[in-house]
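Peer 1: Pasting input_24.json below, which is JSON, C-alpha atoms.
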```json
[["chain", "number", "residue", "atom", "x", "y", "z"],
["Z", 274, "MET", "CA", -8.32, -50.73, -47.64],
["Z", 275, "PRO", "CA", -5.29, -50.35, -50.00],
["Z", 276, "TYR", "CA", -5.70, -49.94, -53.75],
["Z", 277, "HIS", "CA", -2.79, -50.98, -56.00],
["Z", 278, "SER", "CA", -1.75, -49.62, -59.39],
["Z", 279, "ALA", "CA", 1.35, -50.31, -61.44],
["Z", 280, "ASN", "CA", 3.70, -48.08, -59.45],
["Z", 281, "THR", "CA", 1.82, -46.75, -56.44],
["Z", 282, "VAL", "CA", -0.33, -47.83, -53.55],
["Z", 283, "ALA", "CA", -3.23, -45.63, -52.45],
["Z", 284, "VAL", "CA", -4.58, -46.12, -48.95],
["Z", 285, "MET", "CA", -8.05, -44.94, -47.97],
["Z", 286, "VAL", "CA", -8.65, -44.34, -44.28],
["Z", 287, "GLN", "CA", -12.12, -43.88, -42.83],
["Z", 288, "GLU", "CA", -12.52, -41.82, -39.69],
["Z", 289, "ASP", "CA", -15.64, -41.01, -37.72],
["Z", 290, "GLY", "CA", -16.58, -37.39, -37.23],
["Z", 291, "ILE", "CA", -19.46, -35.26, -36.06],
["Z", 292, "SER", "CA", -21.61, -32.81, -37.97],
["Z", 293, "VAL", "CA", -21.12, -29.16, -37.06],
["Z", 294, "SER", "CA", -24.89, -28.93, -36.60],
["Z", 295, "LYS", "CA", -24.79, -31.37, -33.67],
["Z", 296, "PRO", "CA", -22.99, -29.60, -30.79],
["Z", 297, "ASP", "CA", -24.50, -26.57, -29.07],
["Z", 298, "LYS", "CA", -21.05, -25.06, -28.71],
["Z", 299, "ALA", "CA", -17.68, -25.88, -30.23],
["Z", 300, "CYS", "CA", -14.34, -24.25, -30.95],
["Z", 301, "LEU", "CA", -11.75, -25.22, -33.57],
["Z", 302, "VAL", "CA", -8.28, -23.77, -32.97],
["Z", 303, "PHE", "CA", -5.88, -23.30, -35.89],
["Z", 304, "LYS", "CA", -2.29, -23.62, -34.73],
["Z", 305, "THR", "CA", -1.01, -20.68, -36.74],
["Z", 306, "ALA", "CA", 0.07, -17.10, -36.04],
["Z", 307, "SER", "CA", 0.80, -17.84, -32.39],
["Z", 308, "GLN", "CA", 2.50, -14.47, -31.89],
["Z", 309, "GLU", "CA", -0.62, -12.53, -32.89],
["Z", 310, "GLY", "CA", -3.01, -15.02, -31.30],
["Z", 311, "TYR", "CA", -4.37, -18.27, -32.66],
["Z", 312, "LYS", "CA", -7.27, -18.12, -35.10],
["Z", 313, "VAL", "CA", -10.40, -20.01, -34.09],
["Z", 314, "CYS", "CA", -13.77, -20.93, -35.56],
["Z", 315, "ILE", "CA", -16.61, -20.88, -33.06],
["Z", 316, "ILE", "CA", -19.99, -22.60, -33.08],
["Z", 317, "ASP", "CA", -22.76, -21.38, -30.81],
["Z", 318, "HIS", "CA", -26.17, -22.77, -31.69],
["Z", 319, "THR", "CA", -27.85, -21.63, -28.49],
["Z", 320, "ASN", "CA", -27.28, -18.02, -29.55],
["Z", 321, "LYS", "CA", -28.61, -16.62, -26.28],
["Z", 322, "GLN", "CA", -26.98, -13.33, -25.44],
["Z", 323, "GLN", "CA", -25.97, -14.25, -21.89],
["Z", 324, "ASP", "CA", -24.69, -17.69, -22.92],
["Z", 325, "ALA", "CA", -22.77, -16.19, -25.85],
["Z", 326, "GLN", "CA", -21.22, -13.63, -23.52],
["Z", 327, "TYR", "CA", -19.96, -16.39, -21.22],
["Z", 328, "TRP", "CA", -18.84, -18.75, -24.00],
["Z", 329, "VAL", "CA", -16.98, -16.22, -26.15],
["Z", 330, "ASN", "CA", -15.77, -13.61, -23.68],
["Z", 331, "ASP", "CA", -15.43, -15.34, -20.32],
["Z", 332, "PHE", "CA", -14.54, -18.91, -21.25],
["Z", 333, "LEU", "CA", -12.75, -18.70, -24.61],
["Z", 334, "GLN", "CA", -11.63, -15.08, -24.15],
["Z", 335, "VAL", "CA", -11.48, -14.47, -27.89],
["Z", 336, "GLN", "CA", -12.22, -11.45, -30.04],
["Z", 337, "PRO", "CA", -13.37, -11.11, -33.67],
["Z", 338, "ILE", "CA", -10.53, -10.58, -36.12],
["Z", 339, "ALA", "CA", -10.35, -6.91, -37.05],
["Z", 340, "ASP", "CA", -10.42, -7.50, -40.80],
["Z", 341, "SER", "CA", -12.56, -6.16, -43.64],
["Z", 342, "TYR", "CA", -15.15, -8.94, -43.27],
["Z", 343, "HIS", "CA", -15.82, -8.31, -39.60],
["Z", 344, "HIS", "CA", -15.73, -4.52, -39.99],
["Z", 345, "THR", "CA", -18.32, -4.75, -42.77],
["Z", 346, "ASP", "CA", -20.47, -7.30, -40.98],
["Z", 347, "LYS", "CA", -20.52, -5.49, -37.66],
["Z", 348, "TYR", "CA", -21.00, -2.03, -39.17],
["Z", 349, "LEU", "CA", -24.09, -3.20, -41.01],
["Z", 350, "SER", "CA", -25.35, -4.78, -37.78],
["Z", 351, "LEU", "CA", -24.73, -1.45, -36.06],
["Z", 352, "CYS", "CA", -26.67, 0.41, -38.76],
["Z", 353, "LYS", "CA", -29.64, -1.94, -38.55],
["Z", 354, "GLN", "CA", -29.83, -1.78, -34.76],
["Z", 355, "PHE", "CA", -29.49, 2.00, -34.73],
["Z", 356, "VAL", "CA", -32.24, 2.52, -37.30],
["Z", 357, "THR", "CA", -34.55, -0.04, -35.71],
["Z", 358, "ASN", "CA", -34.09, 1.12, -32.12],
["Z", 359, "GLU", "CA", -32.42, 4.48, -31.51],
["Z", 360, "TYR", "CA", -33.53, 6.29, -34.68],
["Z", 361, "ALA", "CA", -37.14, 5.25, -34.19],
["Z", 362, "GLU", "CA", -37.23, 6.18, -30.50],
["Z", 363, "LYS", "CA", -35.34, 9.50, -30.45],
["Z", 364, "PHE", "CA", -36.59, 11.11, -33.64],
["Z", 365, "ASP", "CA", -40.03, 11.75, -35.08],
["Z", 366, "VAL", "CA", -39.78, 9.31, -37.97],
["Z", 367, "THR", "CA", -42.18, 6.95, -39.68],
["Z", 368, "LYS", "CA", -41.63, 3.33, -40.62],
["Z", 369, "THR", "CA", -40.96, 4.44, -44.20],
["Z", 370, "ASP", "CA", -38.23, 6.79, -42.94],
["Z", 371, "GLN", "CA", -36.60, 3.84, -41.18],
["Z", 372, "ILE", "CA", -36.82, 1.67, -44.29],
["Z", 373, "GLU", "CA", -35.35, 4.46, -46.40],
["Z", 374, "MET", "CA", -32.32, 4.79, -44.12],
["Z", 375, "LEU", "CA", -31.85, 1.02, -44.09],
["Z", 376, "ASN", "CA", -31.95, 1.05, -47.89],
["Z", 377, "ARG", "CA", -29.43, 3.90, -48.07],
["Z", 378, "SER", "CA", -27.13, 2.05, -45.67],
["Z", 379, "MET", "CA", -27.23, -1.15, -47.69],
["Z", 380, "ASP", "CA", -26.89, 0.69, -51.01],
["Z", 381, "TYR", "CA", -23.78, 2.45, -49.71],
["Z", 382, "PHE", "CA", -22.07, -0.83, -48.87],
["Z", 383, "LYS", "CA", -23.22, -2.52, -52.08],
["Z", 384, "THR", "CA", -21.96, 0.21, -54.40],
["Z", 385, "ARG", "CA", -18.56, 0.95, -52.86],
["Z", 386, "ASP", "CA", -15.30, -0.87, -52.34],
["Z", 387, "HIS", "CA", -14.18, 1.27, -49.40],
["Z", 388, "PHE", "CA", -15.97, 2.64, -46.34],
["Z", 389, "ASP", "CA", -15.40, 6.22, -45.21],
["Z", 390, "MET", "CA", -17.16, 7.39, -42.05],
["Z", 391, "GLU", "CA", -17.50, 11.05, -43.05],
["Z", 392, "GLU", "CA", -18.83, 10.13, -46.47],
["Z", 393, "PHE", "CA", -21.26, 7.61, -44.96],
["Z", 394, "ALA", "CA", -22.56, 10.16, -42.46],
["Z", 395, "GLY", "CA", -23.17, 12.73, -45.18],
["Z", 396, "GLU", "CA", -24.75, 10.43, -47.76],
["Z", 397, "VAL", "CA", -26.69, 8.03, -45.54],
["Z", 398, "ILE", "CA", -27.49, 9.68, -42.20],
["Z", 399, "HIS", "CA", -27.73, 13.29, -43.46],
["Z", 400, "HIS", "CA", -28.83, 15.34, -40.43],
["Z", 401, "ALA", "CA", -26.25, 16.54, -37.90],
["Z", 402, "GLU", "CA", -28.31, 15.63, -34.83],
["Z", 403, "VAL", "CA", -28.90, 12.12, -36.17],
["Z", 404, "VAL", "CA", -25.19, 11.77, -36.94],
["Z", 405, "ASP", "CA", -24.37, 12.74, -33.33],
["Z", 406, "SER", "CA", -26.86, 10.18, -32.05],
["Z", 407, "PHE", "CA", -25.40, 7.53, -34.36],
["Z", 408, "MET", "CA", -21.85, 8.21, -33.15],
["Z", 409, "GLU", "CA", -22.94, 7.91, -29.53],
["Z", 410, "TYR", "CA", -24.79, 4.69, -30.31],
["Z", 411, "LYS", "CA", -21.66, 3.42, -32.09],
["Z", 412, "LYS", "CA", -19.53, 4.05, -28.98],
["Z", 413, "ASN", "CA", -21.95, 2.08, -26.81],
["Z", 414, "PHE", "CA", -22.03, -0.69, -29.44],
["Z", 415, "GLU", "CA", -18.22, -0.92, -29.41],
["Z", 416, "THR", "CA", -18.05, -0.97, -25.61],
["Z", 417, "ALA", "CA", -20.71, -3.66, -25.25],
["Z", 418, "ARG", "CA", -18.98, -5.93, -27.79],
["Z", 419, "ASN", "CA", -15.38, -5.04, -26.98],
["Z", 420, "TYR", "CA", -14.87, -4.18, -30.63],
["Z", 421, "GLU", "CA", -13.50, -0.97, -32.13],
["Z", 422, "PHE", "CA", -14.41, 0.17, -35.64],
["Z", 423, "GLU", "CA", -12.05, 1.86, -38.05],
["Z", 424, "ASP", "CA", -13.25, 5.06, -39.71],
["Z", 425, "ASN", "CA", -11.98, 3.71, -43.02],
["Z", 426, "PHE", "CA", -11.88, 0.10, -44.18],
["Z", 427, "ASP", "CA", -12.31, -2.05, -47.28],
["Z", 428, "ILE", "CA", -15.84, -3.36, -47.76],
["Z", 429, "HIS", "CA", -16.16, -7.15, -47.92],
["Z", 430, "LEU", "CA", -18.80, -8.32, -50.40],
["Z", 431, "SER", "CA", -19.49, -11.63, -48.63],
["Z", 432, "ALA", "CA", -20.36, -9.79, -45.42],
["Z", 433, "VAL", "CA", -22.66, -7.45, -47.36],
["Z", 434, "LYS", "CA", -24.48, -10.41, -48.93],
["Z", 435, "LYS", "CA", -24.86, -12.04, -45.52],
["Z", 436, "GLN", "CA", -26.30, -8.90, -43.92],
["Z", 437, "GLN", "CA", -28.58, -8.13, -46.87],
["Z", 438, "LYS", "CA", -30.85, -10.96, -45.74],
["Z", 439, "GLN", "CA", -31.43, -9.10, -42.46],
["Z", 440, "PHE", "CA", -32.27, -5.76, -44.05],
["Z", 441, "LYS", "CA", -36.00, -5.91, -44.66],
["Z", 442, "SER", "CA", -37.56, -3.24, -46.87],
["Z", 443, "VAL", "CA", -41.11, -4.25, -46.04],
["Z", 444, "LEU", "CA", -43.77, -1.96, -44.63],
["Z", 445, "LYS", "CA", -46.32, -4.16, -42.85],
["Z", 446, "LEU", "CA", -49.81, -2.71, -42.43],
["Z", 447, "ASP", "CA", -51.94, -4.70, -39.99],
["Z", 448, "LYS", "CA", -52.23, -8.24, -41.37],
["Z", 449, "ASN", "CA", -53.62, -7.18, -44.73],
["Z", 450, "PHE", "CA", -50.82, -5.50, -46.67],
["Z", 451, "HIS", "CA", -47.07, -5.74, -47.17],
["Z", 452, "ILE", "CA", -45.46, -2.91, -49.16],
["Z", 453, "TYR", "CA", -41.90, -3.37, -50.42],
["Z", 454, "ILE", "CA", -40.00, -0.09, -50.50],
["Z", 455, "HIS", "CA", -36.75, 0.17, -52.45],
["Z", 456, "GLY", "CA", -36.37, 3.95, -52.64],
["Z", 457, "ARG", "CA", -38.00, 7.30, -53.50],
["Z", 458, "ARG", "CA", -39.40, 8.19, -50.09],
["Z", 459, "ASP", "CA", -40.75, 11.38, -51.71],
["Z", 460, "LEU", "CA", -43.31, 9.30, -53.63],
["Z", 461, "ILE", "CA", -44.91, 7.97, -50.43],
["Z", 462, "GLU", "CA", -47.37, 10.04, -48.45],
["Z", 463, "ARG", "CA", -48.77, 9.14, -45.03],
["Z", 464, "GLY", "CA", -51.94, 10.53, -43.49],
["Z", 465, "VAL", "CA", -55.08, 9.93, -41.44],
["Z", 466, "ASP", "CA", -58.57, 9.75, -42.92],
["Z", 467, "GLU", "CA", -60.77, 12.36, -41.21],
["Z", 468, "VAL", "CA", -63.95, 10.31, -41.54],
["Z", 469, "THR", "CA", -62.83, 6.84, -40.46],
["Z", 470, "GLY", "CA", -59.81, 7.85, -38.39],
["Z", 471, "LYS", "CA", -57.78, 5.16, -40.10],
["Z", 472, "LYS", "CA", -54.21, 5.76, -41.22],
["Z", 473, "TYR", "CA", -53.30, 5.50, -44.88],
["Z", 474, "TYR", "CA", -50.36, 5.59, -47.28],
["Z", 475, "LYS", "CA", -50.60, 7.23, -50.69],
["Z", 476, "ILE", "CA", -48.10, 5.93, -53.26],
["Z", 477, "TYR", "CA", -47.32, 7.74, -56.52],
["Z", 478, "PHE", "CA", -46.05, 5.82, -59.56],
["Z", 479, "ASP", "CA", -45.93, 6.07, -63.35],
["Z", 480, "GLU", "CA", -46.96, 2.57, -64.41],
["Z", 481, "GLU", "CA", -47.53, -0.95, -63.15],
["Z", 482, "VAL", "CA", -44.72, -3.38, -63.94]]
```
Go ahead and render the structure in this file as structure tokens.
Peer 2:
Amino acid sequence: MPYHSANTVAVMVQEDGISVSKPDKACLVFKTASQEGYKVCIIDHTNKQQDAQYWVNDFLQVQPIADSYHHTDKYLSLCKQFVTNEYAEKFDVTKTDQIEMLNRSMDYFKTRDHFDMEEFAGEVIHHAEVVDSFMEYKKNFETARNYEFEDNFDIHLSAVKKQQKQFKSVLKLDKNFHIYIHGRRDLIERGVDEVTGKKYYKIYFDEEV
């Protein structure tokens, strides 16, 4: 319906669309940068690994853009999966050790503008044998996702904020207790009661807040 003013005519056009929450899968192609490859936005609400593999790799044949956002996002995913799976299985570590490394990983990305692999290995992973295991896990991660990390890249704050929701610093003990751990692994002691045979954690602190 046209709207008239003194010198101009404004025309409002209504078009029907569809909410992005409706389709299981969708792909929007931006007709730009044809020489480097068109940019696309992908929706995949099924989020099943095999379906995603077919949809993204086999059908669309697209790859994530190798920019600071994707480097940051995928590196934090790599860290979380390594700590949760490989680190826990290959090394004699407790749940608090895992949480501490997750916290160190997130703190590194939150407090720096630039990622450096050597610096990260020294400040976050620490031990040489764990670093070697991490690098091997990283290679397998890259191969499985057809994605290659840079050893140095700018850290993207939006990707850090997104991943922070996935980094849980909670120690769950049966169904009775949840302990939030934000640092100072040296103030947490784990043991087994000789009388009852039950496991326990001893936590040292200065005052209740």
Peer 1: List as a list in words the protein and nucleic acid residues near Asp427 of chain Z, meaning an atom at most 12 Å away when all atoms listed in the file are counted, but skip any in the same chain fewer than 6 places from it.
Peer 2: Ala339, Asp340, Ser341, Tyr342, His343, His344, Thr345, Asp346, Tyr348, Phe382, Lys383, Arg385, Asp386, His387, Phe388, Asp389, Met390 and Val433 of chain Z
Peer 1: For a cutoff of 12 Å around the file-coordinate point (-29.3, -0.3, -35.2), which residues qualify once you count only C-alpha atoms? I'd like the result as a PyMOL selection string.
Peer 2: chain Z and resi 347-362+371-372+374-375+378+406-411+413-414+439-440
Peer 1: Could you state the separation of atom CA of Lys448 of chain Z and atom CA of Glu467 of chain Z in Å, given to one decimal place?
Peer 2: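 Here the two named atoms are 22.3 Å from each other.
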Peer 1: Kindly list the centre and edge lengths in Å, rounded to one decimal, for the axis-aligned box that covers all listed atoms of segment 409-425 of chain Z plus 3 Å on each of its six sides, as JSON.
Peer 2:
```
{"center_x": -18.4, "center_y": 1.0, "center_z": -34.1, "size_x": 18.8, "size_y": 19.8, "size_z": 23.8}
```
Peer 1: Identify which of the residues Z:Glu462, Z:Asp424, Z:Glu391, Z:Glu396 lies closest to Lys368 of chain Z, counting only C-alpha atoms when measuring atom-to-atom distances.
Peer 2: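 Checking each of Z:Glu462, Z:Asp424, Z:Glu391, Z:Glu396 against Lys368 of chain Z, counting only C-alpha atoms, the winner is Z:Glu462.
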Peer 1: Using all atoms listed in the file - which residues lie no farther than 10 Å from the point (-7.5, -10.1, -26.5) in the file's frame? Write them as a PyMOL selection string.
Peer 2: chain Z and resi 309-310+330+334-337+419
Peer 1: Using Å and a single decimal, report how far atom CA of Leu446 of chain Z sits from atom CA of Lys472 of chain Z.
Peer 2: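 These two atoms are separated by 9.6 Å.
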Peer 1: To one decimal place, how far is atom CA of Ile316 of chain Z from atom CA of Asp289 of chain Z in Å?
Peer 2: 19.5 Å
Peer 1: Could you name the residues that touch Tyr453 of chain Z at 12 Å or less, counting all atoms listed in the file, but leaving out those on the same chain fewer than 6 positions away, as a ChimeraX atom specification?
Peer 2: /Z:368-369,372-373,376,440-446,461,476
Peer 1: Produce a file of the selected residues containing C-alpha atoms, as a PDB file, in the coordinates of the input.
Peer 2:
```
ATOM      1  CA  LYS Z 368     -41.630   3.330 -40.620  1.00  0.00           C
ATOM      2  CA  THR Z 369     -40.960   4.440 -44.200  1.00  0.00           C
ATOM      3  CA  ILE Z 372     -36.820   1.670 -44.290  1.00  0.00           C
ATOM      4  CA  GLU Z 373     -35.350   4.460 -46.400  1.00  0.00           C
ATOM      5  CA  ASN Z 376     -31.950   1.050 -47.890  1.00  0.00           C
ATOM      6  CA  PHE Z 440     -32.270  -5.760 -44.050  1.00  0.00           C
ATOM      7  CA  LYS Z 441     -36.000  -5.910 -44.660  1.00  0.00           C
ATOM      8  CA  SER Z 442     -37.560  -3.240 -46.870  1.00  0.00           C
ATOM      9  CA  VAL Z 443     -41.110  -4.250 -46.040  1.00  0.00           C
ATOM     10  CA  LEU Z 444     -43.770  -1.960 -44.630  1.00  0.00           C
ATOM     11  CA  LYS Z 445     -46.320  -4.160 -42.850  1.00  0.00           C
ATOM     12  CA  LEU Z 446     -49.810  -2.710 -42.430  1.00  0.00           C
ATOM     13  CA  ILE Z 461     -44.910   7.970 -50.430  1.00  0.00           C
ATOM     14  CA  ILE Z 476     -48.100   5.930 -53.260  1.00  0.00           C
TER      15      ILE Z 476
END
```
Peer 1: Given all atoms listed in the file as the basis, pick out the residue of Z:Phe303, Z:Phe393, Z:Trp328, Z:Tyr473 nearest to Phe450 of chain Z.
Peer 2: Z:Tyr473
Peer 1: Point out the residue among Z:Leu460, Z:Val286, Z:Met379, Z:Val465 with the least atom-to-atom distance to Asp479 of chain Z, counting only C-alpha atoms.
Peer 2: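 Closest residue, counting only C-alpha atoms: Z:Leu460.
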Peer 1: Which residues come within 12 Å of Lys295 of chain Z, counting all atoms listed in the file, excluding same-chain residues fewer than 5 positions away, as a list in words?
Peer 2: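 With the cut-off at 12 Å, the set is Gly290, Ile316, Asp317, His318 and Thr319 of chain Z.
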Peer 1: Since the input is missing atoms, can you rebuild N, CA and C atoms for segment 367-397 of chain Z and write them as a short mmCIF file (atom, residue, chain, number, x, y, z; two decimals), in the frame of the given file?
Peer 2:
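Done, and the output landed in result-v1.cif:
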```cif
data_model
loop_
_atom_site.label_atom_id
_atom_site.label_comp_id
_atom_site.auth_asym_id
_atom_site.auth_seq_id
_atom_site.Cartn_x
_atom_site.Cartn_y
_atom_site.Cartn_z
N THR Z 367 -41.22 7.99 -39.37
CA THR Z 367 -42.18 6.95 -39.68
C THR Z 367 -41.45 5.66 -40.04
N LYS Z 368 -42.21 4.61 -40.21
CA LYS Z 368 -41.63 3.33 -40.62
C LYS Z 368 -40.97 3.45 -41.99
N THR Z 369 -41.56 4.25 -42.87
CA THR Z 369 -40.96 4.44 -44.20
C THR Z 369 -39.63 5.18 -44.11
N ASP Z 370 -39.51 6.10 -43.16
CA ASP Z 370 -38.23 6.79 -42.94
C ASP Z 370 -37.16 5.79 -42.51
N GLN Z 371 -37.54 4.86 -41.63
CA GLN Z 371 -36.60 3.84 -41.18
C GLN Z 371 -36.16 2.96 -42.35
N ILE Z 372 -37.13 2.53 -43.15
CA ILE Z 372 -36.82 1.67 -44.29
C ILE Z 372 -35.91 2.40 -45.27
N GLU Z 373 -36.17 3.68 -45.47
CA GLU Z 373 -35.35 4.46 -46.40
C GLU Z 373 -33.90 4.52 -45.93
N MET Z 374 -33.69 4.73 -44.62
CA MET Z 374 -32.32 4.79 -44.12
C MET Z 374 -31.65 3.41 -44.20
N LEU Z 375 -32.40 2.36 -43.93
CA LEU Z 375 -31.85 1.02 -44.09
C LEU Z 375 -31.43 0.77 -45.54
N ASN Z 376 -32.27 1.21 -46.47
CA ASN Z 376 -31.95 1.05 -47.89
C ASN Z 376 -30.70 1.84 -48.27
N ARG Z 377 -30.61 3.07 -47.76
CA ARG Z 377 -29.43 3.90 -48.07
C ARG Z 377 -28.17 3.26 -47.49
N SER Z 378 -28.28 2.70 -46.29
CA SER Z 378 -27.13 2.05 -45.67
C SER Z 378 -26.66 0.87 -46.51
N MET Z 379 -27.59 0.02 -46.89
CA MET Z 379 -27.23 -1.15 -47.69
C MET Z 379 -26.71 -0.75 -49.06
N ASP Z 380 -27.34 0.23 -49.69
CA ASP Z 380 -26.89 0.69 -51.01
C ASP Z 380 -25.46 1.23 -50.95
N TYR Z 381 -25.14 1.92 -49.86
CA TYR Z 381 -23.78 2.45 -49.71
C TYR Z 381 -22.76 1.32 -49.73
N PHE Z 382 -23.02 0.28 -48.96
CA PHE Z 382 -22.07 -0.83 -48.87
C PHE Z 382 -22.04 -1.66 -50.15
N LYS Z 383 -23.16 -1.72 -50.86
CA LYS Z 383 -23.22 -2.52 -52.08
C LYS Z 383 -22.54 -1.84 -53.26
N THR Z 384 -22.45 -0.53 -53.24
CA THR Z 384 -21.96 0.21 -54.40
C THR Z 384 -20.55 0.77 -54.22
N ARG Z 385 -19.90 0.44 -53.11
CA ARG Z 385 -18.56 0.95 -52.86
C ARG Z 385 -17.61 -0.16 -52.47
N ASP Z 386 -16.34 0.08 -52.73
CA ASP Z 386 -15.30 -0.87 -52.34
C ASP Z 386 -14.67 -0.50 -51.01
N HIS Z 387 -14.85 0.77 -50.61
CA HIS Z 387 -14.18 1.27 -49.40
C HIS Z 387 -15.15 2.09 -48.57
N PHE Z 388 -15.11 1.90 -47.26
CA PHE Z 388 -15.97 2.64 -46.34
C PHE Z 388 -15.24 3.86 -45.79
N ASP Z 389 -15.93 4.99 -45.80
CA ASP Z 389 -15.40 6.22 -45.21
C ASP Z 389 -16.48 6.80 -44.31
N MET Z 390 -16.16 6.98 -43.03
CA MET Z 390 -17.16 7.39 -42.05
C MET Z 390 -17.78 8.74 -42.38
N GLU Z 391 -16.97 9.71 -42.74
CA GLU Z 391 -17.50 11.05 -43.05
C GLU Z 391 -18.42 11.00 -44.27
N GLU Z 392 -18.01 10.26 -45.27
CA GLU Z 392 -18.83 10.13 -46.47
C GLU Z 392 -20.14 9.42 -46.14
N PHE Z 393 -20.07 8.36 -45.35
CA PHE Z 393 -21.26 7.61 -44.96
C PHE Z 393 -22.24 8.50 -44.18
N ALA Z 394 -21.70 9.28 -43.26
CA ALA Z 394 -22.56 10.16 -42.46
C ALA Z 394 -23.28 11.17 -43.34
N GLY Z 395 -22.57 11.72 -44.32
CA GLY Z 395 -23.17 12.73 -45.18
C GLY Z 395 -24.18 12.16 -46.16
N GLU Z 396 -23.90 10.98 -46.71
CA GLU Z 396 -24.75 10.43 -47.76
C GLU Z 396 -25.88 9.55 -47.23
N VAL Z 397 -25.70 8.98 -46.05
CA VAL Z 397 -26.69 8.03 -45.54
C VAL Z 397 -27.49 8.63 -44.38
#
```
